[in-house]
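Engineer: I'd like to ask some things about the structure below.
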Amino acid sequence: MDKTDLLRLYPSELEELAVSFGEPAYRGRQISDWLFKGTGPDGMSNLPSAFREKLKNETVFKLPSTERKLVSASDGTVKYLFRLFDGETVESVVMRYKHGLSICISTEVGCPMGCRFCASTIGGKVRDLSASEMVGQVIAASNDIGERISNVVMMGIGEPLDNYEESVRFLRLANQKNGLNIGYRHISLSTCGIVPMIYRLAGEELPVTLSISLHAPDNERRSEIMPVNRRYPLEELMTACRDYFEKSGRRISFEYTLIDGFNDSSPDARLLASLFGKYFSEGGKMYPVHVNLIPVNNVKDKPFRRSNAADAERFKNELIKLGINATLRRHLGADINASCGQLRRESQQDRAE
């Protein structure tokens, strides 16, 4: 029989576990306090020794270990290559902002979506991460840095909505006061556009920010670089996004990677603005959508190159003039290749040699 994964349990489930072991329910709250500090049964000093021994024998507690750690000399961004219990690796990135620390976590080992500009999808998907492995990335990084992490972005390796059940469990665990205690409004979930799961997520009543990886203003080019668009074209995706906004009231963020000579021209800006106007305006008033422009990361074995700084700034300003709220993302961790997928890829190549 598989052992119970402690870090995957809600505080109420830990109370039930304690009672099933013949202990009072409050022991579950004590366990939870220790777990989210990164401490396993051996270190739970306020629990009876016999109970700790039971937990050691009948449950598992596994945090990822740090395989590699890179720290940006320019802005303090920290990139981790975490090794999981089975030897697989994922990446997490901690970014420092005025409002606190934000972590970008992975949700799968590898990625099945095949986006052509992304390093994470090279080699495809290996397996899903459990909710505890997602939580573990936050705990391990926070303990290493020695500071609380207050914001989470589910935008690392993998597609969260392809691993739907565990991603939603992570969201609920992260929000628990006896857990990570991170408010839903401080969590963003990024998806390349699995339309049925967007509708399903809207029904969960979790007021997280939905972030859509868009990256092209029309179906032809989006299908060229993002295979998911062949199954769920822009018409279906944008309709689902509008539904999500209407049900949640939460502003939707659209990620748009600027690729030199591919999607960064003035006509492309006008086409993109027209797309938003069609689906996110009513009575001449725009819904609160936001476009986050991201110059593409230059990835070895990929042909795409980033737009130059002047073209990126021009594209942003053209969107703003057309009534679209747009910002140009700061390139954090540039000196450590902080975009996800590249460090794991390097590790795989080193092990193969």
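Chains: A, B, ... in order of the structure tokens. Residues: from 1 per chain. Ligands: from 1, in order shown.
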Just the alpha helix (DSSP H) stuff from stretch 85-285 of chain A, please, per backbone DSSP, written as a PyMOL selection string.
Structural biologist: chain A and resi 131-145+164-175+195-202+219-225+228-231+234-248+266-279
Engineer: Tell me, as a list in words, which residues lie within 12 Å of A:Glu23, counting only C-alpha atoms; anything in the same chain fewer than 2 positions away does not count.
Structural biologist: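 Here the qualifying residues turn out to be Leu14, Glu15, Glu16, Leu17, Ala18, Val19, Ser20, Phe21, Ala25, Tyr26, Arg27, Gly28, Arg29, Gln30, Ile31, Leu47, Pro48, Ala50, Phe51, Arg52, Lys54 and Leu55 of chain A.
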Engineer: Counting only C-alpha atoms, which residue out of A:Gly277, A:Pro64, A:Gly38, A:Gly323 sits closest to A:Ile139?
Structural biologist: A:Gly38
Engineer: Contacts of A:Phe61 at 10 Å or less, counting only C-alpha atoms, minus same-chain residues fewer than 2 places along, as an MDAnalysis selection string?
Structural biologist: chainID A and resid 3:8 35 38:41 55:56 59 63 132 136
Engineer: Please produce an output containing N, CA and C atoms for each residue in the selection, written as a tab-separated table (two decimals), in the first residue's frame.
Structural biologist:
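File produced: result01.tsv:
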```tsv
chain	number	residue	atom	x	y	z
A	3	LYS	N	2.20	4.79	0.96
A	3	LYS	CA	2.16	5.54	2.20
A	3	LYS	C	1.52	6.91	1.98
A	4	THR	N	0.91	7.45	3.03
A	4	THR	CA	0.26	8.75	2.95
A	4	THR	C	1.31	9.84	2.80
A	5	ASP	N	1.10	10.71	1.82
A	5	ASP	CA	1.99	11.83	1.55
A	5	ASP	C	1.55	13.00	2.43
A	6	LEU	N	2.29	13.26	3.51
A	6	LEU	CA	1.86	14.24	4.50
A	6	LEU	C	1.66	15.63	3.92
A	7	LEU	N	2.58	16.06	3.05
A	7	LEU	CA	2.55	17.43	2.56
A	7	LEU	C	1.43	17.66	1.55
A	8	ARG	N	0.78	16.59	1.13
A	8	ARG	CA	-0.34	16.72	0.19
A	8	ARG	C	-1.67	16.89	0.91
A	35	LEU	N	5.30	20.79	9.13
A	35	LEU	CA	5.47	20.48	7.71
A	35	LEU	C	5.79	21.71	6.89
A	38	GLY	N	9.12	22.92	6.79
A	38	GLY	CA	10.08	22.04	6.14
A	38	GLY	C	10.63	20.97	7.06
A	39	THR	N	9.92	20.68	8.15
A	39	THR	CA	10.38	19.70	9.13
A	39	THR	C	9.55	18.43	9.07
A	40	GLY	N	10.22	17.28	8.98
A	40	GLY	CA	9.57	15.98	8.95
A	40	GLY	C	9.34	15.43	10.34
A	41	PRO	N	8.77	14.21	10.43
A	41	PRO	CA	8.42	13.62	11.73
A	41	PRO	C	9.54	13.59	12.75
A	55	LEU	N	4.36	7.97	12.40
A	55	LEU	CA	4.37	8.83	11.21
A	55	LEU	C	5.54	8.47	10.30
A	56	LYS	N	6.71	8.21	10.87
A	56	LYS	CA	7.88	7.83	10.08
A	56	LYS	C	7.64	6.54	9.31
A	59	THR	N	3.89	7.07	6.89
A	59	THR	CA	3.68	8.22	6.00
A	59	THR	C	5.01	8.58	5.34
A	63	LEU	N	10.77	16.64	0.70
A	63	LEU	CA	11.04	17.93	0.09
A	63	LEU	C	12.05	17.73	-1.03
A	132	SER	N	2.03	18.08	-3.37
A	132	SER	CA	3.06	18.20	-2.35
A	132	SER	C	4.40	18.59	-2.96
A	136	GLY	N	6.38	21.76	-2.00
A	136	GLY	CA	7.77	21.55	-1.59
A	136	GLY	C	8.74	22.53	-2.22
```
Engineer: So how far away is atom CA of A:Pro227 from atom CA of A:Asn292, in Å?
Structural biologist: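 We find that atom CA of A:Asn292 and atom CA of A:Pro227 lie 21.3 Å from each other.
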Engineer: Calculated over only C-alpha atoms, which of the candidates A:Ile105, A:Val93, A:Val296, A:Leu319 has the smallest distance to A:Ala119?
Structural biologist: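 Closest to A:Ala119, using only C-alpha atoms: A:Val296.
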Engineer: To one decimal in Å, tell me the separation between atom CA of A:Leu101 and atom CA of A:Ser211.
Structural biologist: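 Atom CA of A:Ser211 lies at a distance of 18.9 Å from atom CA of A:Leu101.
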Engineer: So what do you get for atom CA of A:Met44 versus atom CA of A:Val60, distance-wise?
Structural biologist: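 So the answer is 14.0 Å.
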Engineer: Just list as a ChimeraX atom specification whatever in stretch 5-167 of chain A DSSP marks as strand (DSSP E).
Structural biologist: /A:5,59-60,65-71,78-83,89-97,100-104,108-110,125-128,149-154
Engineer: Can you list, as a compact mmCIF listing (two decimals) with N, CA and C atoms, in the first residue's frame, every protein, DNA or RNA residue that comes within 8 Å of A:Met238 when you count only C-alpha atoms, leaving out same-chain residues fewer than 4 positions away?
Structural biologist:
```
# COMPACT_ATOMS: atom_id res chain seq x y z
N LEU A 234 -8.19 30.44 -31.32
CA LEU A 234 -8.36 31.69 -30.58
C LEU A 234 -9.81 32.01 -30.26
N ARG A 242 -13.23 35.12 -21.50
CA ARG A 242 -14.28 36.08 -21.15
C ARG A 242 -15.21 35.48 -20.10
N TYR A 279 -13.45 40.56 -28.13
CA TYR A 279 -13.91 39.65 -27.07
C TYR A 279 -13.99 40.29 -25.69
```
Engineer: Of the residues A:Val109, A:Leu171, A:Leu201, A:Val126, which is the one nearest to A:Lys247, using only C-alpha atoms?
Structural biologist: A:Leu201
Engineer: Find the residue from A:Gly284, A:Ala326, A:Ala240, A:Met134 that sits nearest to A:Lys62; use only C-alpha atoms when measuring.
Structural biologist: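 Looking only at the distances to A:Lys62, the closest residue turns out to be A:Met134.
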Engineer: Neighbouring residues of A:Tyr256 were defined as those with any atom within 12 Å, considering only C-alpha atoms; residues of the same chain fewer than 2 positions away were excluded. Please report them as a VMD selection string.
Structural biologist: chain A and resid 192 211 to 217 222 253 to 254 258 to 259 262 to 264 268 to 269 272 290 to 296 306 to 307 312 315 to 316 319 326 to 329
Engineer: For A:Phe276, work out the shell of residues within 9 Å, counting only C-alpha atoms and skipping chain neighbours fewer than 3 positions away, then give it as a ChimeraX atom specification.
Structural biologist: /A:238,271-273,279-281,286,289,324
Engineer: Within 10 Å of stretch 162-168 of chain A, which residues of stretch 175-259 of chain A show up? Give each one with its shortest atom-to-atom distance in Å (one decimal) and the two atoms involved, counting only C-alpha atoms, rows by chain then rising residue number, as CSV.
Structural biologist:
```
residue,atom,partner,partner_atom,distance
A:Leu189,CA,A:Ser167,CA,9.0
A:Thr191,CA,A:Asp162,CA,8.9
A:Cys192,CA,A:Asp162,CA,9.9
A:Ile194,CA,A:Asp162,CA,7.7
A:Met197,CA,A:Tyr164,CA,7.5
A:Arg200,CA,A:Tyr164,CA,9.4
A:Leu201,CA,A:Val168,CA,8.3
A:Glu204,CA,A:Val168,CA,8.5
A:Leu206,CA,A:Val168,CA,8.9
```
